[in-house]
Amino acid sequence: MKTLTAAQAKSMMIFVSAAMVEAKEIMCEADRNIGDGDHGIGMAKGFGAALQELGNQDFTDVYKVFFTVGRTMIKEMGGASGIIFGTLFFAGSKNVEPATEIGIKEFTTIFEKALVEIKAKGHASVGDKTVVDGLEPMVDAMKKNAEKDISFEEILKIALDAATAGMESSKQFVAKFGRAKTLGERAIGYPDAGSVSLTLIIKAMLDWVNKQ
Amino acid sequence: MKKFINDPNDVLPEMMEGYLRAYGDIIERIEDYPSVVLKDLDPGKVGLIVGGGSGHEPIFIEYLGKGMADGASQGNICAAPSPDNILAVTKAVDRGKGVVYIYGNYSGDCMNFDMAAELADLEGIKTATVRVTDDVASAPKDRISDRRGIAGDFFVMRIAGAACYAGYDLEDVKRVADKANANTRTMGVALTPGTIPGEKPAFTLGEDEMEIGMGLHGEPGIRRDKIQPADKIVDQMMKMILEDLPFKKGDDVCLLVDGFGATTRMEMMIIIRRVSQLLDKEGITLHDVKFGNFATFQEMAGSSITLMRLDDELKKLYDSPMWSILFGQKGFSTHK
């Protein structure tokens, strides 16, 4: 699979949203270690609302699918994670020319724009124990491979490996943002909950592609 | 933790039902958010919206009033309101003169309010933003814009509310609110943690321990010590406040003592007494004293001391008539 049509994007994001609603408890548990344990509740609420919005519409523009997911999450979630995870889909899908299908390069650009905007909004860098710990290496790895003649399955595998390694590396960091900041050194040993969620999103995308 | 709750999931909707029963003649709810606006808005004035996470009552809902805020946009417990929530409140309070957002400087709030400002702009509503950064302990002075907002919210919001009511334009409300923020300093000390319904306490402190500078959500402070006599604690807090601005001989200041939720008024009086002694010694004039629960965190015990230095403009605005849900009923000026 080397292109993603609007209908495929809708199918993929419905699959991802449903998987994220299912993963509520995993995300809460990741947050409970070093946060207040409500990350999964907000994420499940956001993706649950996105699931409903996607189901209500037919799409001819791929970007509109990602826009709908991101915008719905921002609207429904609140808190820092509403903006951050909404922006993951929203940043690269707003103010762009509609496209009936996109390739690996355009798909990578969505995440590249997301990284830029999330960093700008949250002022976080790699090492601050945030989603950026997973997202930045993921985007770097995708960019390195986006020009090659590879499939969605391959690029998502590359993305997942890099995001997972980034999530693992977040264990060694002291948090600079959010509730985990209050723990200081005690946060070491636990991954950032946002990085965990990022791997779950990418894993669900890969699972969907593998089913095609 | 023993609390008067039914289901932890129902705390917010049930709280809102209570607020609307208590103050339904004055405020109305915005959609199904834990957000409210004044029913009776004076025409032709700049709107003032305050906000942040729920769970810190009386802030933000009870800060609504004349010469105070027009709307409060609140998110879930300890979570920022979404941009759409803020936008809905913005539309409800805008009277064509623009809207000022004032909130404590927390990353979730900043991101959501900034996005709301973009959305408001698309709808043709001008906004201005003032982030309260009064918490001396939360960052050194050379990174003052990283500081969090705590009880000092009250003074900044009051000044902005007075300016809106006096007919200032949007830029001028922002200017004077920025000035109030720049002249406001707070130090807090935590004694026992608060608990979000259905969760573990936000932090732990030993029975004989206190943490100087700890934030409302348990953000780490400057140091953890054995509990000391009240005067000794106040002396340390006041030293940091006075040196930070710095406050000087001849200054006029307003004092606010916050109880975080569980501290008694008896203890607040002991604190006020000591603060006054120190101000007298420094030759600083106490213009007004406010005490009680302002920015709380459930049953958290501890206290913060806030000073705002006044100039002529701030004094005039601060002393102008007001009423609010927190301070009194409509028709009475309970200020001073």
# chains A, B, ... in the order shown; residues from 1 in each chain; ligands from 1
$ residues_around --residues "Ile27 (chain B)" --least-positions-apart "6" --cutoff "9 Å" --atoms "only C-alpha atoms" --output "PyMOL selection string"
chain B and resi 19-20+36-40+64+71
$ write_last_selection --atoms "all heavy atoms" --output "PDB file, in the first residue's frame"
ATOM      1  N   TYR B  19     -24.414  25.145  42.180  1.00  0.00           N
ATOM      2  CA  TYR B  19     -24.120  26.567  41.918  1.00  0.00           C
ATOM      3  C   TYR B  19     -25.315  27.259  41.270  1.00  0.00           C
ATOM      4  O   TYR B  19     -25.649  28.394  41.591  1.00  0.00           O
ATOM      5  CB  TYR B  19     -22.889  26.708  41.013  1.00  0.00           C
ATOM      6  CG  TYR B  19     -21.593  26.919  41.771  1.00  0.00           C
ATOM      7  CD1 TYR B  19     -20.494  26.082  41.598  1.00  0.00           C
ATOM      8  CD2 TYR B  19     -21.453  27.991  42.660  1.00  0.00           C
ATOM      9  CE1 TYR B  19     -19.308  26.284  42.291  1.00  0.00           C
ATOM     10  CE2 TYR B  19     -20.272  28.203  43.355  1.00  0.00           C
ATOM     11  CZ  TYR B  19     -19.197  27.340  43.170  1.00  0.00           C
ATOM     12  OH  TYR B  19     -18.032  27.555  43.858  1.00  0.00           O
ATOM     13  N   LEU B  20     -25.961  26.560  40.348  1.00  0.00           N
ATOM     14  CA  LEU B  20     -27.074  27.191  39.633  1.00  0.00           C
ATOM     15  C   LEU B  20     -28.299  27.343  40.534  1.00  0.00           C
ATOM     16  O   LEU B  20     -29.069  28.283  40.388  1.00  0.00           O
ATOM     17  CB  LEU B  20     -27.396  26.408  38.354  1.00  0.00           C
ATOM     18  CG  LEU B  20     -26.289  26.556  37.305  1.00  0.00           C
ATOM     19  CD1 LEU B  20     -26.479  25.571  36.174  1.00  0.00           C
ATOM     20  CD2 LEU B  20     -26.199  27.983  36.758  1.00  0.00           C
ATOM     21  N   VAL B  36     -19.662  29.452  33.433  1.00  0.00           N
ATOM     22  CA  VAL B  36     -20.819  30.316  33.670  1.00  0.00           C
ATOM     23  C   VAL B  36     -20.520  31.753  33.245  1.00  0.00           C
ATOM     24  O   VAL B  36     -19.356  32.153  33.169  1.00  0.00           O
ATOM     25  CB  VAL B  36     -21.220  30.335  35.173  1.00  0.00           C
ATOM     26  CG1 VAL B  36     -21.713  28.964  35.620  1.00  0.00           C
ATOM     27  CG2 VAL B  36     -20.081  30.798  36.055  1.00  0.00           C
ATOM     28  N   VAL B  37     -21.595  32.505  32.988  1.00  0.00           N
ATOM     29  CA  VAL B  37     -21.465  33.946  32.732  1.00  0.00           C
ATOM     30  C   VAL B  37     -22.517  34.686  33.554  1.00  0.00           C
ATOM     31  O   VAL B  37     -23.516  34.102  33.963  1.00  0.00           O
ATOM     32  CB  VAL B  37     -21.638  34.309  31.238  1.00  0.00           C
ATOM     33  CG1 VAL B  37     -20.550  33.670  30.400  1.00  0.00           C
ATOM     34  CG2 VAL B  37     -23.005  33.913  30.730  1.00  0.00           C
ATOM     35  N   LEU B  38     -22.274  35.966  33.766  1.00  0.00           N
ATOM     36  CA  LEU B  38     -23.273  36.810  34.425  1.00  0.00           C
ATOM     37  C   LEU B  38     -24.472  36.965  33.495  1.00  0.00           C
ATOM     38  O   LEU B  38     -24.306  37.144  32.291  1.00  0.00           O
ATOM     39  CB  LEU B  38     -22.699  38.207  34.705  1.00  0.00           C
ATOM     40  CG  LEU B  38     -21.689  38.376  35.821  1.00  0.00           C
ATOM     41  CD1 LEU B  38     -21.280  39.850  35.881  1.00  0.00           C
ATOM     42  CD2 LEU B  38     -22.233  37.915  37.158  1.00  0.00           C
ATOM     43  N   LYS B  39     -25.662  36.936  34.061  1.00  0.00           N
ATOM     44  CA  LYS B  39     -26.860  37.125  33.242  1.00  0.00           C
ATOM     45  C   LYS B  39     -26.990  38.579  32.806  1.00  0.00           C
ATOM     46  O   LYS B  39     -27.405  38.875  31.705  1.00  0.00           O
ATOM     47  CB  LYS B  39     -28.104  36.752  34.052  1.00  0.00           C
ATOM     48  CG  LYS B  39     -28.376  35.263  34.076  1.00  0.00           C
ATOM     49  CD  LYS B  39     -29.667  34.994  34.822  1.00  0.00           C
ATOM     50  CE  LYS B  39     -30.141  33.579  34.578  1.00  0.00           C
ATOM     51  NZ  LYS B  39     -31.317  33.267  35.408  1.00  0.00           N
ATOM     52  N   ASP B  40     -26.652  39.478  33.708  1.00  0.00           N
ATOM     53  CA  ASP B  40     -26.857  40.898  33.469  1.00  0.00           C
ATOM     54  C   ASP B  40     -25.511  41.568  33.175  1.00  0.00           C
ATOM     55  O   ASP B  40     -24.774  41.912  34.093  1.00  0.00           O
ATOM     56  CB  ASP B  40     -27.514  41.507  34.719  1.00  0.00           C
ATOM     57  CG  ASP B  40     -27.658  43.008  34.615  1.00  0.00           C
ATOM     58  OD1 ASP B  40     -27.696  43.521  33.477  1.00  0.00           O
ATOM     59  OD2 ASP B  40     -27.714  43.662  35.672  1.00  0.00           O
ATOM     60  N   LEU B  64     -17.154  35.934  39.741  1.00  0.00           N
ATOM     61  CA  LEU B  64     -18.031  36.703  38.875  1.00  0.00           C
ATOM     62  C   LEU B  64     -18.747  37.793  39.670  1.00  0.00           C
ATOM     63  O   LEU B  64     -19.124  37.575  40.826  1.00  0.00           O
ATOM     64  CB  LEU B  64     -19.078  35.779  38.216  1.00  0.00           C
ATOM     65  CG  LEU B  64     -18.713  35.302  36.806  1.00  0.00           C
ATOM     66  CD1 LEU B  64     -17.432  34.523  36.805  1.00  0.00           C
ATOM     67  CD2 LEU B  64     -19.847  34.484  36.199  1.00  0.00           C
ATOM     68  N   GLY B  71     -17.312  36.264  33.058  1.00  0.00           N
ATOM     69  CA  GLY B  71     -17.483  34.850  32.732  1.00  0.00           C
ATOM     70  C   GLY B  71     -16.355  34.027  33.314  1.00  0.00           C
ATOM     71  O   GLY B  71     -15.250  34.521  33.508  1.00  0.00           O
TER      72      GLY B  71
END
$ select_by_dssp --residues "region 116-290 of chain B" --states "strand (DSSP E or B)" --output "mmCIF file with C-alpha atoms, in the first residue's frame"
data_model
loop_
_atom_site.group_PDB
_atom_site.id
_atom_site.type_symbol
_atom_site.label_atom_id
_atom_site.label_comp_id
_atom_site.auth_asym_id
_atom_site.auth_seq_id
_atom_site.Cartn_x
_atom_site.Cartn_y
_atom_site.Cartn_z
ATOM 1 C CA THR B 127 -9.020 39.316 22.783
ATOM 2 C CA ALA B 128 -6.120 40.162 25.049
ATOM 3 C CA THR B 129 -4.397 37.820 27.490
ATOM 4 C CA VAL B 130 -2.887 38.301 30.925
ATOM 5 C CA ARG B 131 -1.236 35.320 32.613
ATOM 6 C CA VAL B 132 -0.880 35.587 36.355
ATOM 7 C CA ASP B 135 4.085 32.521 42.769
ATOM 8 C CA THR B 184 1.846 41.112 42.926
ATOM 9 C CA ARG B 185 3.853 38.469 44.774
ATOM 10 C CA THR B 186 2.750 35.332 46.621
ATOM 11 C CA MET B 187 4.465 32.722 48.773
ATOM 12 C CA GLY B 188 2.662 29.591 49.918
ATOM 13 C CA VAL B 189 3.365 26.874 52.430
ATOM 14 C CA ALA B 190 1.657 23.469 52.350
ATOM 15 C CA LEU B 191 0.784 21.494 55.487
ATOM 16 C CA THR B 192 -1.482 18.671 54.243
ATOM 17 C CA THR B 195 -7.534 14.939 47.233
ATOM 18 C CA PRO B 201 -3.923 12.580 47.774
ATOM 19 C CA GLU B 209 6.378 18.467 57.976
ATOM 20 C CA MET B 210 5.625 21.522 55.861
ATOM 21 C CA GLU B 211 6.810 22.467 52.388
ATOM 22 C CA ILE B 212 7.604 26.077 51.674
ATOM 23 C CA ARG B 223 12.320 23.224 50.763
ATOM 24 C CA ARG B 224 10.656 20.784 53.119
ATOM 25 C CA ASP B 225 11.062 21.498 56.828
ATOM 26 C CA LYS B 226 9.763 20.451 60.212
ATOM 27 C CA ASP B 252 1.024 50.943 49.867
ATOM 28 C CA VAL B 253 0.009 47.288 49.641
ATOM 29 C CA CYS B 254 -3.046 45.066 49.662
ATOM 30 C CA LEU B 255 -2.704 41.790 51.545
ATOM 31 C CA LEU B 256 -4.479 38.546 50.774
ATOM 32 C CA VAL B 257 -4.173 35.479 53.006
ATOM 33 C CA ASP B 258 -5.446 32.298 51.355
ATOM 34 C CA THR B 285 1.309 50.767 54.587
ATOM 35 C CA LEU B 286 -1.407 48.139 54.605
ATOM 36 C CA HIS B 287 -4.199 49.484 52.388
ATOM 37 C CA ASP B 288 -6.588 46.516 52.572
ATOM 38 C CA VAL B 289 -6.721 42.960 53.883
ATOM 39 C CA LYS B 290 -8.580 40.054 52.307
#
$ closest_atom_pairs --of "chain B" --to "chain A" --cutoff "12 Å" --atoms "only C-alpha atoms" --output "Markdown table"
| residue | atom | partner | partner_atom | distance |
| --- | --- | --- | --- | --- |
| B:Asn9 | CA | A:Ile41 | CA | 10.9 |
| B:Asp32 | CA | A:Glu76 | CA | 11.3 |
| B:Tyr33 | CA | A:Glu76 | CA | 10.3 |
| B:Pro34 | CA | A:Gly78 | CA | 11.8 |
| B:Gly52 | CA | A:Gly79 | CA | 9.1 |
| B:Gly53 | CA | A:Gly79 | CA | 8.1 |
| B:Ser54 | CA | A:Gly79 | CA | 11.1 |
| B:Ser73 | CA | A:Gly78 | CA | 11.1 |
| B:Gln74 | CA | A:Gly78 | CA | 9.4 |
| B:Gly75 | CA | A:Gly78 | CA | 6.3 |
| B:Asn76 | CA | A:Gly78 | CA | 7.6 |
| B:Ile77 | CA | A:Gly79 | CA | 9.6 |
| B:Cys78 | CA | A:Gly79 | CA | 8.2 |
| B:Ala79 | CA | A:Gly79 | CA | 4.5 |
| B:Ala80 | CA | A:Gly79 | CA | 4.2 |
| B:Pro81 | CA | A:Gly78 | CA | 4.9 |
| B:Ser82 | CA | A:Gly78 | CA | 3.9 |
| B:Pro83 | CA | A:Lys75 | CA | 6.4 |
| B:Asp84 | CA | A:Lys75 | CA | 5.4 |
| B:Asn85 | CA | A:Lys75 | CA | 7.5 |
| B:Ile86 | CA | A:Gly78 | CA | 10.0 |
| B:Leu87 | CA | A:Lys75 | CA | 10.2 |
| B:Ala88 | CA | A:Lys75 | CA | 11.1 |
| B:Tyr106 | CA | A:Gly178 | CA | 8.9 |
| B:Ser107 | CA | A:Gly122 | CA | 6.7 |
| B:Gly108 | CA | A:Ala80 | CA | 4.0 |
| B:Asp109 | CA | A:Gly79 | CA | 7.1 |
| B:Cys110 | CA | A:Lys121 | CA | 8.5 |
| B:Met111 | CA | A:Lys121 | CA | 6.1 |
| B:Asn112 | CA | A:Ile83 | CA | 6.7 |
| B:Phe113 | CA | A:Gly78 | CA | 10.3 |
| B:Asp114 | CA | A:Lys121 | CA | 8.9 |
| B:Met115 | CA | A:Ile83 | CA | 8.6 |
| B:Ala116 | CA | A:Lys75 | CA | 10.2 |
| B:Leu119 | CA | A:Lys75 | CA | 11.5 |
| B:Ser138 | CA | A:Thr182 | CA | 11.4 |
| B:Asp146 | CA | A:His123 | CA | 11.1 |
| B:Thr195 | CA | A:Asp36 | CA | 10.6 |
| B:Ile196 | CA | A:Asp36 | CA | 9.2 |
| B:Pro197 | CA | A:Asp36 | CA | 11.6 |
| B:Gly198 | CA | A:Gly37 | CA | 10.8 |
| B:Glu199 | CA | A:Asp36 | CA | 7.8 |
| B:Lys200 | CA | A:Asp36 | CA | 8.4 |
| B:Pro201 | CA | A:Asp36 | CA | 9.6 |
| B:Ala202 | CA | A:Asp36 | CA | 7.8 |
| B:Phe203 | CA | A:Thr182 | CA | 8.4 |
| B:Thr204 | CA | A:Leu183 | CA | 10.8 |
| B:Met214 | CA | A:Thr182 | CA | 9.3 |
| B:Gly215 | CA | A:Thr182 | CA | 9.1 |
| B:Leu216 | CA | A:Thr182 | CA | 10.9 |
| B:His217 | CA | A:Arg179 | CA | 7.7 |
| B:Gly218 | CA | A:Thr182 | CA | 6.3 |
| B:Glu219 | CA | A:Thr182 | CA | 4.6 |
| B:Pro220 | CA | A:Thr182 | CA | 5.2 |
| B:Gly221 | CA | A:Thr182 | CA | 9.0 |
| B:Ile222 | CA | A:Thr182 | CA | 11.9 |
$ residues_around --residues "Leu206 (chain A)" --least-positions-apart "6" --cutoff "9 Å" --atoms "only C-alpha atoms" --output "NGL selection string"
:A and (152-154 or 156-157 or 160)
$ write_last_selection --atoms "N, CA, C and O atoms" --output "PDB file, in the first residue's frame"
ATOM      1  N   PHE A 152       3.201   1.980   3.103  1.00  0.00           N
ATOM      2  CA  PHE A 152       2.666   2.471   4.380  1.00  0.00           C
ATOM      3  C   PHE A 152       3.021   1.531   5.520  1.00  0.00           C
ATOM      4  O   PHE A 152       3.312   1.965   6.637  1.00  0.00           O
ATOM      5  N   GLU A 153       3.005   0.251   5.204  1.00  0.00           N
ATOM      6  CA  GLU A 153       3.361  -0.733   6.232  1.00  0.00           C
ATOM      7  C   GLU A 153       4.793  -0.499   6.712  1.00  0.00           C
ATOM      8  O   GLU A 153       5.061  -0.477   7.922  1.00  0.00           O
ATOM      9  N   GLU A 154       5.698  -0.275   5.763  1.00  0.00           N
ATOM     10  CA  GLU A 154       7.108  -0.072   6.129  1.00  0.00           C
ATOM     11  C   GLU A 154       7.317   1.233   6.899  1.00  0.00           C
ATOM     12  O   GLU A 154       8.031   1.263   7.896  1.00  0.00           O
ATOM     13  N   LEU A 156       5.193   2.901   8.653  1.00  0.00           N
ATOM     14  CA  LEU A 156       4.585   2.835   9.984  1.00  0.00           C
ATOM     15  C   LEU A 156       5.401   1.950  10.922  1.00  0.00           C
ATOM     16  O   LEU A 156       5.474   2.195  12.125  1.00  0.00           O
ATOM     17  N   LYS A 157       6.034   0.928  10.361  1.00  0.00           N
ATOM     18  CA  LYS A 157       6.905   0.061  11.168  1.00  0.00           C
ATOM     19  C   LYS A 157       8.112   0.889  11.656  1.00  0.00           C
ATOM     20  O   LYS A 157       8.485   0.819  12.829  1.00  0.00           O
ATOM     21  N   LEU A 160       6.851   3.311  14.294  1.00  0.00           N
ATOM     22  CA  LEU A 160       6.552   2.648  15.567  1.00  0.00           C
ATOM     23  C   LEU A 160       7.834   2.297  16.324  1.00  0.00           C
ATOM     24  O   LEU A 160       7.921   2.509  17.539  1.00  0.00           O
TER      25      LEU A 160
END
$ atom_distance --atom1 "CA of Asp178 (chain B)" --atom2 "CA of Ser324 (chain B)"
21.8 Å
$ residues_around --residues "Glu313 (chain B)" --least-positions-apart "2" --cutoff "12 Å" --atoms "only C-alpha atoms" --output "list in words"
Ile159, Ala160, Ala162, Ala163, Ala166, Asp172, Val173, Arg175, Val176, Ala177, Lys179, Ala180, Arg309, Leu310, Asp311, Lys315, Lys316, Leu317, Tyr318, Asp319 and Ser320 of chain B
$ select_by_dssp --residues "region 13-203 of chain A" --states "helix (DSSP H, G or I)" --output "number ranges by chain"
A: 13-22, 24-34, 39-55, 62-77, 79-90, 104-122, 132-146, 152-172, 179-187, 193-203
$ write_last_selection --atoms "C-alpha atoms" --output "tab-separated table (two decimals), in the first residue's frame"
chain	number	residue	atom	x	y	z
A	13	MET	CA	-8.95	6.53	11.79
A	14	ILE	CA	-12.15	4.75	12.81
A	15	PHE	CA	-10.01	1.70	13.60
A	16	VAL	CA	-7.44	3.81	15.47
A	17	SER	CA	-10.09	5.71	17.42
A	18	ALA	CA	-11.83	2.52	18.47
A	19	ALA	CA	-8.48	1.01	19.51
A	20	MET	CA	-7.67	4.09	21.58
A	21	VAL	CA	-11.04	3.97	23.34
A	22	GLU	CA	-10.26	0.31	24.10
A	24	LYS	CA	-8.28	3.66	28.04
A	25	GLU	CA	-7.13	1.60	31.02
A	26	ILE	CA	-3.59	1.11	29.61
A	27	MET	CA	-3.24	4.90	29.24
A	28	CYS	CA	-4.68	5.55	32.72
A	29	GLU	CA	-2.24	3.04	34.20
A	30	ALA	CA	0.71	4.69	32.40
A	31	ASP	CA	-0.41	8.02	33.85
A	32	ARG	CA	-1.14	6.62	37.31
A	33	ASN	CA	2.53	5.78	37.88
A	34	ILE	CA	3.69	9.36	37.68
A	39	HIS	CA	-4.90	10.55	30.82
A	40	GLY	CA	-6.82	7.55	29.47
A	41	ILE	CA	-10.15	9.07	30.46
A	42	GLY	CA	-9.49	12.23	28.44
A	43	MET	CA	-8.04	10.32	25.48
A	44	ALA	CA	-10.93	7.85	25.39
A	45	LYS	CA	-13.36	10.77	25.52
A	46	GLY	CA	-11.57	12.54	22.65
A	47	PHE	CA	-11.21	9.50	20.40
A	48	GLY	CA	-14.75	8.37	21.28
A	49	ALA	CA	-16.09	11.72	20.05
A	50	ALA	CA	-13.87	11.49	16.94
A	51	LEU	CA	-15.25	8.02	16.24
A	52	GLN	CA	-18.75	9.43	16.25
A	53	GLU	CA	-17.84	12.42	14.06
A	54	LEU	CA	-16.10	10.21	11.48
A	55	GLY	CA	-19.09	7.88	11.33
A	62	VAL	CA	-7.89	12.77	3.13
A	63	TYR	CA	-6.87	15.79	5.15
A	64	LYS	CA	-10.45	16.40	6.23
A	65	VAL	CA	-10.38	13.01	7.97
A	66	PHE	CA	-7.37	13.93	10.09
A	67	PHE	CA	-8.75	17.45	10.57
A	68	THR	CA	-12.02	16.03	11.90
A	69	VAL	CA	-10.22	13.77	14.39
A	70	GLY	CA	-7.88	16.52	15.62
A	71	ARG	CA	-10.48	19.25	15.83
A	72	THR	CA	-12.93	17.00	17.67
A	73	MET	CA	-10.29	15.98	20.22
A	74	ILE	CA	-9.35	19.61	20.87
A	75	LYS	CA	-13.01	20.49	21.36
A	76	GLU	CA	-13.95	17.60	23.60
A	77	MET	CA	-10.91	16.97	25.79
A	79	GLY	CA	-6.39	20.05	29.43
A	80	ALA	CA	-2.92	19.94	27.91
A	81	SER	CA	-3.48	16.55	26.27
A	82	GLY	CA	-6.52	17.77	24.32
A	83	ILE	CA	-4.43	20.37	22.55
A	84	ILE	CA	-1.37	18.16	22.15
A	85	PHE	CA	-3.05	15.05	20.75
A	86	GLY	CA	-5.58	17.09	18.78
A	87	THR	CA	-2.65	18.97	17.24
A	88	LEU	CA	-1.05	15.65	16.28
A	89	PHE	CA	-3.78	15.30	13.62
A	90	PHE	CA	-4.86	18.93	13.26
A	104	ILE	CA	4.15	8.42	2.16
A	105	LYS	CA	5.69	11.86	1.78
A	106	GLU	CA	2.46	13.73	2.53
A	107	PHE	CA	1.68	11.32	5.37
A	108	THR	CA	5.09	12.08	6.89
A	109	THR	CA	4.52	15.82	6.49
A	110	ILE	CA	1.40	15.57	8.68
A	111	PHE	CA	3.52	14.35	11.58
A	112	GLU	CA	6.33	16.75	10.80
A	113	LYS	CA	3.95	19.71	11.07
A	114	ALA	CA	2.49	18.20	14.23
A	115	LEU	CA	5.92	18.04	15.83
A	116	VAL	CA	6.69	21.67	14.99
A	117	GLU	CA	3.36	22.90	16.32
A	118	ILE	CA	3.35	20.74	19.47
A	119	LYS	CA	6.85	21.95	20.34
A	120	ALA	CA	5.82	25.55	19.70
A	121	LYS	CA	2.68	25.30	21.81
A	122	GLY	CA	4.14	23.29	24.69
A	132	VAL	CA	8.06	14.97	22.13
A	133	ASP	CA	10.42	12.24	23.44
A	134	GLY	CA	8.62	9.80	21.14
A	135	LEU	CA	7.40	12.12	18.41
A	136	GLU	CA	10.68	13.80	17.46
A	137	PRO	CA	12.68	10.60	16.83
A	138	MET	CA	9.62	9.19	15.07
A	139	VAL	CA	9.39	12.15	12.69
A	140	ASP	CA	13.16	12.09	12.11
A	141	ALA	CA	13.02	8.40	11.17
A	142	MET	CA	10.01	8.92	8.90
A	143	LYS	CA	11.66	11.86	7.13
A	144	LYS	CA	14.79	9.82	6.48
A	145	ASN	CA	12.71	7.23	4.69
A	146	ALA	CA	9.87	9.24	3.18
A	152	PHE	CA	2.67	2.47	4.38
A	153	GLU	CA	3.36	-0.73	6.23
A	154	GLU	CA	7.11	-0.07	6.13
A	155	ILE	CA	6.92	3.59	7.08
A	156	LEU	CA	4.58	2.83	9.98
A	157	LYS	CA	6.91	0.06	11.17
A	158	ILE	CA	9.79	2.55	11.09
A	159	ALA	CA	7.64	5.13	12.90
A	160	LEU	CA	6.55	2.65	15.57
A	161	ASP	CA	10.11	1.45	16.25
A	162	ALA	CA	11.37	5.01	16.64
A	163	ALA	CA	8.40	6.11	18.77
A	164	THR	CA	8.79	3.04	20.98
A	165	ALA	CA	12.52	3.67	21.44
A	166	GLY	CA	11.71	7.30	22.28
A	167	MET	CA	9.07	6.20	24.77
A	168	GLU	CA	11.58	3.81	26.37
A	169	SER	CA	14.16	6.60	26.60
A	170	SER	CA	11.63	8.83	28.37
A	171	LYS	CA	11.94	6.50	31.37
A	172	GLN	CA	15.35	7.96	32.22
A	179	ARG	CA	1.91	16.51	37.22
A	180	ALA	CA	4.97	14.22	36.94
A	181	LYS	CA	7.09	17.33	37.47
A	182	THR	CA	6.16	17.21	41.15
A	183	LEU	CA	7.92	13.84	41.52
A	184	GLY	CA	11.37	15.03	40.48
A	185	GLU	CA	13.75	12.06	40.44
A	186	ARG	CA	10.96	9.71	41.49
A	187	ALA	CA	9.60	9.89	37.92
A	193	ALA	CA	2.18	8.65	29.41
A	194	GLY	CA	1.87	10.78	26.26
A	195	SER	CA	4.72	8.86	24.62
A	196	VAL	CA	2.95	5.63	25.51
A	197	SER	CA	-0.23	6.92	23.85
A	198	LEU	CA	1.70	7.91	20.72
A	199	THR	CA	3.00	4.35	20.33
A	200	LEU	CA	-0.55	3.03	20.75
A	201	ILE	CA	-1.81	5.35	17.98
A	202	ILE	CA	0.95	4.35	15.56
A	203	LYS	CA	0.57	0.67	16.48
$ closest_residue --among "A:Ala9, A:Ala204, A:Ala23, A:Ala124" --to "Gly103 (chain A)" --atoms "only C-alpha atoms"
A:Ala9
$ atom_distance --atom1 "CA of Pro321 (chain B)" --atom2 "CA of Leu170 (chain B)"
20.4 Å
$ closest_residue --among "B:Phe247, B:Trp323, B:Phe294, B:Phe4" --to "Thr263 (chain B)" --atoms "only C-alpha atoms"
B:Phe294
$ atom_distance --atom1 "CA of Gly67 (chain B)" --atom2 "CA of Met322 (chain B)"
4.9 Å
